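Pasted below: structure31.cif, mmCIF, C-alpha atoms.
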data_query
loop_
_atom_site.label_atom_id
_atom_site.label_comp_id
_atom_site.auth_asym_id
_atom_site.auth_seq_id
_atom_site.Cartn_x
_atom_site.Cartn_y
_atom_site.Cartn_z
CA MET V 1 40.66 114.50 102.55
CA PRO V 2 43.80 116.71 102.52
CA ARG V 3 46.91 115.09 103.94
CA LYS V 4 48.78 116.65 106.85
CA LEU V 5 51.58 119.01 106.11
CA MET V 6 53.80 117.02 108.49
CA GLY V 7 56.00 119.68 109.92
CA LEU V 8 56.20 122.06 106.99
CA ASN V 9 54.97 125.09 108.94
CA ASN V 10 58.49 126.39 109.41
CA ALA V 11 59.91 124.94 106.21
CA ILE V 12 57.83 126.79 103.60
CA LEU V 13 57.22 130.51 103.76
CA LEU V 14 54.51 132.41 101.91
CA GLY V 15 54.81 135.71 100.13
CA GLY V 16 52.40 137.95 98.26
CA LEU V 17 54.03 139.28 95.11
CA LEU V 18 52.82 138.24 91.67
CA THR V 19 55.36 137.27 89.05
CA SER V 20 54.96 138.32 85.45
CA GLU V 21 55.52 135.00 83.77
CA LEU V 22 54.99 131.30 84.54
CA ALA V 23 57.43 128.87 83.00
CA TRP V 24 54.88 126.28 81.97
CA ALA V 25 54.93 125.15 78.36
CA GLN V 26 51.87 126.52 76.63
CA VAL V 27 49.97 124.31 74.21
CA PRO V 28 47.62 125.72 71.56
CA VAL V 29 44.02 125.16 72.60
CA THR V 30 40.53 125.37 71.18
CA THR V 31 36.98 125.27 72.50
CA ARG V 32 36.56 123.85 76.03
CA GLY V 33 40.26 123.09 76.28
CA ARG V 34 40.47 120.47 73.54
CA ASP V 35 43.20 120.65 70.95
CA ASP V 36 43.07 118.83 67.61
CA TYR V 37 43.49 115.54 69.41
CA SER V 38 43.66 112.84 66.75
CA PRO V 39 44.14 109.32 68.11
CA HIS V 40 45.16 106.60 65.69
CA LYS V 41 45.40 102.83 65.48
CA PRO V 42 42.93 101.88 68.22
CA ALA V 43 43.27 98.32 69.42
CA SER V 44 41.00 95.83 67.76
CA THR V 45 38.31 94.37 69.99
CA LYS V 46 35.91 91.47 69.76
CA LYS V 47 33.49 92.23 66.97
CA ALA V 48 29.94 92.91 68.11
CA ALA V 49 26.89 91.73 66.19
CA THR V 50 26.54 93.72 62.99
CA LYS V 51 23.38 95.53 62.01
CA PRO V 52 21.51 94.01 59.02
CA THR V 53 22.76 96.03 56.07
CA VAL V 54 21.67 96.17 52.44
CA ILE V 55 24.23 97.59 50.00
CA GLU V 56 23.36 99.08 46.63
CA PHE V 57 25.86 100.21 44.00
CA GLU V 58 24.96 102.63 41.23
CA LEU V 59 27.55 103.22 38.51
CA LEU V 60 27.38 106.23 36.21
CA GLN V 61 28.68 105.67 32.69
CA GLY V 62 30.19 108.37 30.56
CA THR V 63 29.47 108.92 26.90
CA ASP V 64 32.59 106.93 25.98
CA GLY V 65 30.92 103.62 26.82
CA GLY V 66 32.21 100.90 29.12
CA GLY V 67 29.57 98.25 28.37
CA LEU V 68 32.01 95.32 28.49
CA GLN V 69 33.43 96.42 31.80
CA ALA V 70 29.89 96.84 33.15
CA GLN V 71 29.18 93.17 32.52
CA GLN V 72 32.43 92.21 34.22
CA TRP V 73 31.58 94.27 37.30
CA LEU V 74 28.19 92.52 37.50
CA LYS V 75 30.03 89.20 37.79
CA VAL V 76 32.39 90.58 40.46
CA LEU V 77 29.63 92.04 42.65
CA GLU V 78 27.12 89.22 42.40
CA PRO V 79 28.84 86.89 44.91
CA LEU V 80 29.38 89.85 47.26
CA ASP V 81 25.61 90.24 47.66
CA VAL V 82 25.60 93.80 46.31
CA SER V 83 22.87 94.98 43.96
CA LEU V 84 24.15 96.94 40.98
CA ARG V 85 22.54 99.45 38.61
CA ILE V 86 24.49 100.94 35.71
CA HIS V 87 23.25 103.84 33.61
CA ARG V 88 24.33 106.96 31.77
CA ALA V 89 24.90 109.94 34.07
CA SER V 90 22.38 112.75 34.00
CA SER V 91 23.08 116.39 34.84
CA THR V 92 21.93 115.84 38.43
CA ASP V 93 23.82 112.61 39.12
CA LYS V 94 26.99 112.78 41.17
CA PRO V 95 29.13 110.29 43.14
CA ASP V 96 28.05 109.94 46.74
CA VAL V 97 27.78 107.36 49.54
CA THR V 98 24.68 107.65 51.71
CA GLU V 99 23.04 105.69 54.47
CA ARG V 100 19.52 105.44 55.86
CA ASP V 101 17.79 103.26 58.42
CA LEU V 102 14.42 101.61 57.88
CA GLY V 103 13.33 99.70 60.94
CA ASN V 104 16.25 97.58 62.09
CA THR V 105 17.87 97.48 58.67
CA ARG V 106 20.56 99.83 57.39
CA TYR V 107 20.59 100.71 53.69
CA VAL V 108 23.84 101.92 52.13
CA LYS V 109 23.82 103.37 48.62
CA ALA V 110 27.12 104.03 46.86
CA VAL V 111 26.96 106.07 43.66
CA GLY V 112 30.17 106.02 41.63
CA THR V 113 31.53 106.37 38.12
CA LEU V 114 32.63 103.75 35.62
CA ASP V 115 35.27 104.96 33.20
CA ARG V 116 36.24 103.58 29.80
CA GLY V 117 39.18 101.72 31.30
CA GLY V 118 36.91 99.81 33.67
CA GLN V 119 37.83 101.61 36.90
CA ILE V 120 34.99 102.39 39.30
CA SER V 121 35.35 105.37 41.61
CA PHE V 122 33.41 106.45 44.69
CA PRO V 123 34.22 109.35 47.04
CA GLY V 124 37.50 108.34 48.66
CA HIS V 125 37.68 104.92 46.95
CA SER V 126 38.64 103.61 43.51
CA PHE V 127 38.86 100.01 42.29
CA ARG V 128 39.95 98.14 39.18
CA LEU V 129 38.70 94.78 37.98
CA ASN V 130 41.97 93.17 39.08
CA GLU V 131 41.49 94.43 42.68
CA PRO V 132 38.57 92.32 43.94
CA ALA V 133 40.12 91.85 47.40
CA GLU V 134 40.24 95.60 48.08
CA LEU V 135 36.64 96.02 46.92
CA LYS V 136 35.47 93.11 49.06
CA GLU V 137 37.19 94.62 52.12
CA TRP V 138 35.41 97.95 51.61
CA ILE V 139 32.05 96.26 51.12
CA GLU V 140 32.53 94.25 54.31
CA GLU V 141 33.37 97.43 56.18
CA LEU V 142 30.23 99.12 54.85
CA ARG V 143 28.18 96.09 55.86
CA ALA V 144 29.64 96.04 59.37
CA TYR V 145 29.88 99.76 60.23
CA GLY V 146 27.90 101.67 57.59
CA ILE V 147 29.35 104.67 55.77
CA GLN V 148 31.23 105.87 58.85
CA GLY V 149 33.48 102.85 58.46
CA SER V 150 35.53 100.93 60.97
CA PRO V 151 36.96 103.04 63.81
CA ASN V 152 40.31 101.26 63.50
CA GLY V 153 43.09 103.50 62.24
CA ARG V 154 40.91 106.62 62.18
CA PRO V 155 41.37 109.88 64.11
CA LEU V 156 39.21 110.64 67.16
CA TRP V 157 38.69 106.92 67.72
CA GLY V 158 36.70 106.74 64.49
CA LEU V 159 34.08 109.16 65.78
CA THR V 160 32.64 112.05 63.85
CA LYS V 161 33.23 115.51 65.30
CA ASP V 162 29.66 115.57 66.60
CA GLN V 163 30.03 112.14 68.21
CA PHE V 164 33.27 113.13 69.89
CA GLU V 165 31.76 116.36 71.17
CA ALA V 166 28.81 114.42 72.59
CA VAL V 167 31.07 111.95 74.41
CA TYR V 168 33.22 114.79 75.75
CA GLU V 169 30.17 116.67 77.04
CA ALA V 170 28.82 113.49 78.65
CA LEU V 171 32.00 113.16 80.72
CA LEU V 172 32.03 116.73 82.05
CA LYS V 173 30.04 116.23 85.25
CA ARG V 174 32.13 116.56 88.40
CA HIS V 175 32.56 113.49 90.59
CA ASP V 176 31.30 114.24 94.10
CA VAL V 177 32.38 111.04 95.89
CA GLU V 178 35.72 110.54 97.65
CA THR V 179 38.15 108.20 95.92
CA GLU V 180 41.25 107.92 98.09
CA ASP V 181 41.70 104.39 99.46
CA VAL V 182 38.61 103.21 97.54
CA ARG V 183 38.72 100.20 95.20
CA LEU V 184 38.82 101.02 91.50
CA SER V 185 35.67 99.01 90.76
CA ASP V 186 33.74 101.02 93.38
CA VAL V 187 34.99 104.32 92.00
CA VAL V 188 33.98 103.37 88.45
CA SER V 189 30.53 102.21 89.57
CA LYS V 190 29.80 105.60 91.15
CA LEU V 191 30.79 107.76 88.17
CA ALA V 192 27.98 109.90 86.77
CA ILE V 193 28.25 108.76 83.16
CA PRO V 194 25.11 108.73 81.00
CA ALA V 195 23.69 105.27 80.26
CA GLN V 196 24.02 105.89 76.53
CA TYR V 197 27.79 105.44 76.96
CA PRO V 198 28.07 102.16 78.87
CA ILE V 199 31.40 101.16 80.38
CA SER V 200 32.80 97.91 79.04
CA TRP V 201 35.77 96.02 80.52
CA SER V 202 37.96 94.01 78.18
CA ALA V 203 38.81 90.48 79.29
CA GLU V 204 42.43 91.53 79.80
CA ALA V 205 41.39 94.49 81.97
CA LYS V 206 39.16 92.28 84.13
CA ASP V 207 41.97 89.80 84.62
CA GLN V 208 44.47 92.54 85.46
CA LEU V 209 42.10 94.11 88.01
CA SER V 210 41.36 90.74 89.62
CA LYS V 211 45.06 90.08 90.16
CA ARG V 212 45.58 93.45 91.86
CA GLY V 213 43.07 92.82 94.65
CA ASP V 214 43.46 95.45 97.40
CA ARG V 215 46.21 97.10 95.38
CA SER V 216 43.46 98.46 93.14
CA LYS V 217 42.59 101.05 95.78
CA ILE V 218 43.06 104.62 94.52
CA ARG V 219 45.99 106.42 96.12
CA GLN V 220 44.83 110.02 95.73
CA GLU V 221 41.73 112.13 96.13
CA LEU V 222 39.94 112.83 92.86
CA LYS V 223 36.71 114.24 94.22
CA GLY V 224 35.75 117.42 92.37
CA PHE V 225 37.27 116.45 89.02
CA SER V 226 35.27 115.62 85.90
CA ALA V 227 34.10 112.03 85.46
CA ALA V 228 36.51 111.51 82.56
CA THR V 229 39.56 112.65 84.53
CA VAL V 230 38.57 110.60 87.57
CA LEU V 231 38.20 107.55 85.34
CA ALA V 232 41.46 108.20 83.48
CA VAL V 233 43.54 108.76 86.64
CA ALA V 234 41.96 105.92 88.63
CA LEU V 235 42.51 103.50 85.77
CA SER V 236 46.04 104.78 85.21
CA GLU V 237 47.01 103.89 88.77
CA ASN V 238 46.09 100.30 87.93
CA GLY V 239 47.85 100.13 84.58
CA LEU V 240 44.59 100.60 82.68
CA ALA V 241 43.04 103.22 80.42
CA PHE V 242 39.85 103.81 78.46
CA ARG V 243 38.75 105.04 75.06
CA PRO V 244 35.48 105.48 73.17
CA ASN V 245 34.79 102.36 71.15
CA ARG V 246 32.22 102.62 68.37
CA GLN V 247 30.37 99.37 67.77
CA PRO V 248 29.15 98.12 64.38
CA SER V 249 25.61 98.88 65.59
CA GLY V 250 26.62 102.52 66.05
CA GLN V 251 26.57 102.44 69.87
CA ILE V 252 29.58 104.03 71.56
CA GLN V 253 31.02 102.26 74.59
CA LEU V 254 33.74 103.42 76.96
CA LEU V 255 36.15 100.52 76.68
CA ILE V 256 38.49 99.87 79.61
CA GLU V 257 41.65 98.02 78.60
CA PRO V 258 45.31 97.71 79.64
CA LYS V 259 47.49 100.73 78.92
CA ASN V 260 49.09 100.44 75.53
CA ALA V 261 51.66 102.88 74.19
CA LYS V 262 50.72 101.89 70.63
CA VAL V 263 47.05 102.72 71.15
CA GLU V 264 45.68 106.21 71.65
CA GLN V 265 43.59 106.24 74.82
CA TRP V 266 41.74 108.98 76.66
CA PRO V 267 44.35 111.38 78.07
CA VAL V 268 44.78 112.56 81.63
CA GLY V 269 44.10 116.27 81.10
CA TRP V 270 43.80 118.61 78.15
CA PRO V 271 45.64 121.83 77.20
CA VAL V 272 44.68 124.77 79.42
CA GLN V 273 42.63 127.53 77.84
CA GLN V 274 44.48 130.35 79.59
CA GLN V 275 48.09 131.32 80.07
CA GLY V 276 49.64 129.79 83.18
CA THR V 277 49.57 133.08 85.07
CA LYS V 278 45.78 133.22 84.79
CA ALA V 279 45.07 129.50 84.89
CA ALA V 280 46.91 129.00 88.21
CA PRO V 281 47.68 132.47 89.65
CA LYS V 282 48.76 131.37 93.14
CA LEU V 283 51.01 128.70 91.69
CA ASN V 284 52.67 131.56 89.86
CA SER V 285 52.92 134.00 92.76
CA MET V 286 56.33 135.11 93.97
CA VAL V 287 56.92 133.71 97.46
CA PRO V 288 59.90 133.22 99.79
CA VAL V 289 60.78 129.51 99.89
CA GLU V 290 63.30 127.66 102.03
CA LEU V 291 63.43 123.88 102.55
CA THR V 292 65.88 121.54 104.23
CA ASP V 293 65.58 117.77 103.85
CA VAL V 294 61.80 117.63 103.55
CA GLU V 295 59.95 114.62 102.14
CA LEU V 296 59.02 115.36 98.53
CA SER V 297 55.52 113.91 98.93
CA ASP V 298 54.87 116.38 101.78
CA VAL V 299 56.23 119.27 99.73
CA ILE V 300 53.89 118.38 96.86
CA ASN V 301 50.88 118.16 99.20
CA ALA V 302 51.78 121.49 100.80
CA ILE V 303 52.26 123.28 97.48
CA ALA V 304 48.91 121.97 96.28
CA GLN V 305 47.18 123.47 99.32
CA LEU V 306 49.12 126.72 99.48
CA SER V 307 48.78 127.41 95.75
CA GLU V 308 45.17 126.20 95.69
CA THR V 309 46.08 124.10 92.64
CA PRO V 310 45.45 120.33 92.75
CA ILE V 311 48.48 118.17 92.05
CA LEU V 312 47.91 114.64 90.75
CA ILE V 313 50.54 111.92 90.60
CA ASP V 314 51.16 109.39 87.83
CA TYR V 315 51.73 106.63 90.39
CA ALA V 316 51.86 103.72 87.97
CA GLU V 317 54.56 105.43 85.92
CA LEU V 318 56.57 106.40 89.01
CA ASP V 319 56.29 102.85 90.37
CA SER V 320 57.55 101.46 87.07
CA ARG V 321 60.69 103.59 87.48
CA GLN V 322 60.97 102.73 91.20
CA ILE V 323 60.43 106.33 92.26
CA ASP V 324 58.90 106.65 95.74
CA LEU V 325 58.05 110.24 96.65
CA THR V 326 57.94 109.38 100.37
CA LYS V 327 61.59 108.29 100.30
CA ILE V 328 62.95 111.34 98.54
CA LYS V 329 64.18 114.29 100.62
CA VAL V 330 64.53 117.67 98.96
CA SER V 331 66.05 121.00 99.91
CA PHE V 332 65.63 124.45 98.41
CA PRO V 333 67.81 127.50 99.12
CA LYS V 334 66.12 130.51 100.66
CA LYS V 335 64.97 132.85 97.91
CA MET V 336 61.99 134.51 96.28
CA THR V 337 60.51 132.37 93.55
CA THR V 338 57.21 130.85 92.38
CA TRP V 339 55.73 127.54 93.47
CA SER V 340 55.88 126.54 89.81
CA ILE V 341 59.61 127.08 89.49
CA ALA V 342 60.40 125.70 92.94
CA LEU V 343 58.43 122.53 92.22
CA ARG V 344 60.16 122.06 88.89
CA GLN V 345 63.63 122.48 90.40
CA MET V 346 62.81 119.89 93.04
CA VAL V 347 61.32 117.22 90.74
CA VAL V 348 63.65 117.43 87.72
CA PRO V 349 66.66 115.89 89.55
CA GLN V 350 64.38 112.93 90.36
CA ARG V 351 63.72 112.27 86.63
CA LEU V 352 60.29 113.83 87.01
CA THR V 353 58.38 116.59 85.28
CA ARG V 354 55.34 118.62 86.23
CA GLU V 355 52.79 119.62 83.63
CA LEU V 356 49.82 121.98 83.73
CA TRP V 357 46.57 120.58 82.33
CA GLN V 358 42.86 121.01 82.84
CA ASP V 359 40.09 118.46 83.11
CA GLU V 360 37.13 118.23 80.75
CA ALA V 361 35.17 120.74 82.88
CA GLY V 362 38.03 123.26 82.90
CA ARG V 363 39.54 122.58 86.34
CA VAL V 364 43.29 123.25 86.20
CA PHE V 365 45.72 120.83 87.85
CA VAL V 366 49.38 119.83 87.91
CA TRP V 367 50.35 116.36 86.70
CA ILE V 368 53.54 114.83 88.11
CA THR V 369 55.01 112.10 85.94
CA THR V 370 58.39 110.89 84.70
CA THR V 371 60.32 112.76 82.06
CA ARG V 372 59.90 109.84 79.64
CA ALA V 373 56.10 109.90 79.99
CA GLY V 374 55.66 113.67 79.96
CA ARG V 375 53.63 115.22 77.15
CA SER V 376 54.53 118.91 77.50
CA LYS V 377 57.32 120.28 75.34
CA GLU V 378 58.91 122.45 77.99
CA THR V 379 61.47 125.11 77.21
CA GLU V 380 62.17 126.26 80.72
CA LYS V 381 65.30 127.67 82.23
#

Would you put the structure from the file into C-alpha cells?
Amino acid sequence: MPRKLMGLNNAILLGGLLTSELAWAQVPVTTRGRDDYSPHKPASTKKAATKPTVIEFELLQGTDGGGLQAQQWLKVLEPLDVSLRIHRASSTDKPDVTERDLGNTRYVKAVGTLDRGGQISFPGHSFRLNEPAELKEWIEELRAYGIQGSPNGRPLWGLTKDQFEAVYEALLKRHDVETEDVRLSDVVSKLAIPAQYPISWSAEAKDQLSKRGDRSKIRQELKGFSAATVLAVALSENGLAFRPNRQPSGQIQLLIEPKNAKVEQWPVGWPVQQQGTKAAPKLNSMVPVELTDVELSDVINAIAQLSETPILIDYAELDSRQIDLTKIKVSFPKKMTTWSIALRQMVVPQRLTRELWQDEAGRVFVWITTTRAGRSKETEK
C-alpha cells in the first residue's frame, strides 16, 4: 500500500511542462531489455548426482601416419574408461563433439584429429601425450555435464542462449501479492515460477535467513513487478541473491545464496529499452519544486507517486553504510526542474545514486543505492 505523504502537500508543487532531455545514463539494450549480460565465475555448489555417461573418442589420422602415437593414446585412455577408435579420415569426416540420450544414459562422441607429432585436437581442445591431467579433467567434465560442460567460469551462468531465454521468460509473470512487511520465505513461496525451475536454498542462505528472524520481513511493496525482480529485491534486503544453476543432470535450479561480489548473480533490473524521456515521461516533466527540511524517505515516496514511477531502495546496501532515509532532511530551492534532476541533487550529497532500470516484463523503475554499488555510468551535470 502507498505510504502517506506526511505533510508534503505544501512542500512539493506540480507543473505541466515537458523537458527535452532526461539526465539518466543510457545503456545499450537489446531484445526485451537485456544487454549482453555475461556473468562469470559462478560459485561452486555441492555436486549433484551425475547422469550415466558413455564417452567415445574417434581419432582421424592423416596420411603422414601416427601409428606409434595411436598406441600410446590407447594406453592413456584405457584407465579413463573411454572407448577409442582410430582410422584414416575420409572426405566426410570432420572434428566434432556430439551428445545424445538413450533412455537414462547420455552418450558423448568426440571426433578429433591425431597429427604426426602425437597431438590430438577436438573443437576447442587440444592435448599432447605429456598432458594427461588436462585430458582427464576434460573427460570428467564431459562425464559430469555432457558437451555443454561445467557452468563454472562460463558466461550466462553456463547456459546456452536458448536456456537463458527460457529462464528469463519463465520469470516474467507479474507478482500479484503484497510484499511489504511480509517474511521473505512467504514472499518466495508465493512467486509464480514454473516448476521446471525449482528454487533451491544453499545451506549458507538457510542459516543466514534463520538468524534474521522477523528482520527478514520485506520493507517495500513489490506487488506488480516481475517474479524475478521481486525475488532479486526481496533477497537483496536480506543479504541474499539468486542465480540459475545448471545441474549435471541438465536441470536448471534457481539457487539462492548469500550475496557475493565475486560471483555474478541475477541483477536487480535491466537496461531500459527506451530513452528516459519516453520510459518515464512524468519523471522527466518540468515542474516547480520547493522543499524545506523534509524527510528524504517522504520525498522519495512522494516523487514515486507524483511521477507515477516506482522507486525501489537498496536497503541492505544503505544499511551497510549506515544511511537511514528517515533521518535525513533535505531542502530544495524553488525552481522549475524535473523530478529526475531534483531527486539526483537530493541524494548525491548523501553518497547515493538513482538509476533507471526496467524489470524482466518491461516495467520501468528507479533504483536508489549507494554510489559504490551503483551500476550506471552517469555523466550528469

From CA of Gln163 (chain V) to CA of Arg106 (chain V) the spacing works out at 18.9 Å

Requested in this report: Do a neighbour search on region 121-124 of chain V at 9 Å with all atoms listed in the file, toss out local chain neighbours closer than 3 positions, and write the hits as a PyMOL selection string.
Outcome: chain V and resi 59+95-97+110-115+127-128

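Once the PyMOL selection byres ((chain V and resi 57) around 9) is applied to the shown structure, the selection contains Ile55, Glu56, Glu58, Leu59, Val82, Ser83, Leu84, Arg85, Ile86, Val108, Lys109, Ala110, Val111 and Gly112 of chain V.
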
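Residues matching the PyMOL selection byres ((chain V and resi 204) around 12) in this structure come to Thr45, Lys46, Ser200, Trp201, Ser202, Ala203, Ala205, Lys206, Asp207, Gln208, Leu209, Ser210, Lys211, Gly239, Leu240, Ala241, Leu255, Ile256, Glu257, Pro258, Lys259 and Asn260 of chain V.
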
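Nearest residue to Gln345 (chain V), choosing from V:Leu77, V:Ala166, V:Leu296, V:Val364 and counting all atoms listed in the file: V:Leu296.
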
Please rebuild region 78-98 of chain V with N, CA and C atoms and return the result as a compact mmCIF listing (two decimals), keeping the file's coordinate frame.
# COMPACT_ATOMS: atom_id res chain seq x y z
N GLU V 78 28.19 90.18 42.11
CA GLU V 78 27.12 89.22 42.40
C GLU V 78 27.40 88.34 43.62
N PRO V 79 28.57 87.73 43.72
CA PRO V 79 28.84 86.89 44.91
C PRO V 79 29.04 87.69 46.19
N LEU V 80 29.19 89.00 46.07
CA LEU V 80 29.38 89.85 47.26
C LEU V 80 28.05 90.36 47.80
N ASP V 81 26.95 89.88 47.22
CA ASP V 81 25.61 90.24 47.66
C ASP V 81 25.38 91.75 47.62
N VAL V 82 25.78 92.36 46.52
CA VAL V 82 25.60 93.80 46.31
C VAL V 82 24.78 93.99 45.04
N SER V 83 23.66 94.69 45.15
CA SER V 83 22.87 94.98 43.96
C SER V 83 23.56 96.07 43.15
N LEU V 84 23.44 95.99 41.84
CA LEU V 84 24.15 96.94 40.98
C LEU V 84 23.23 97.47 39.89
N ARG V 85 23.25 98.79 39.70
CA ARG V 85 22.54 99.45 38.61
C ARG V 85 23.55 100.30 37.87
N ILE V 86 23.57 100.17 36.53
CA ILE V 86 24.49 100.94 35.71
C ILE V 86 23.69 101.72 34.68
N HIS V 87 23.98 103.02 34.57
CA HIS V 87 23.25 103.84 33.61
C HIS V 87 24.07 105.07 33.24
N ARG V 88 23.66 105.73 32.18
CA ARG V 88 24.33 106.96 31.77
C ARG V 88 24.05 108.06 32.79
N ALA V 89 25.05 108.87 33.08
CA ALA V 89 24.90 109.94 34.07
C ALA V 89 24.05 111.06 33.51
N SER V 90 23.17 111.58 34.35
CA SER V 90 22.38 112.75 34.00
C SER V 90 23.05 113.99 34.60
N SER V 91 22.48 115.15 34.34
CA SER V 91 23.08 116.39 34.84
C SER V 91 23.00 116.51 36.35
N THR V 92 22.10 115.75 36.97
CA THR V 92 21.93 115.84 38.43
C THR V 92 22.65 114.72 39.18
N ASP V 93 23.14 113.73 38.47
CA ASP V 93 23.82 112.61 39.12
C ASP V 93 25.24 113.00 39.55
N LYS V 94 25.62 112.54 40.70
CA LYS V 94 26.99 112.78 41.17
C LYS V 94 27.38 111.67 42.15
N PRO V 95 28.67 111.33 42.21
CA PRO V 95 29.13 110.29 43.14
C PRO V 95 28.82 110.67 44.58
N ASP V 96 28.39 109.69 45.34
CA ASP V 96 28.05 109.94 46.74
C ASP V 96 27.88 108.59 47.43
N VAL V 97 28.06 108.56 48.74
CA VAL V 97 27.78 107.36 49.54
C VAL V 97 26.87 107.80 50.68
N THR V 98 25.68 107.24 50.73
CA THR V 98 24.68 107.65 51.71
C THR V 98 24.18 106.44 52.50
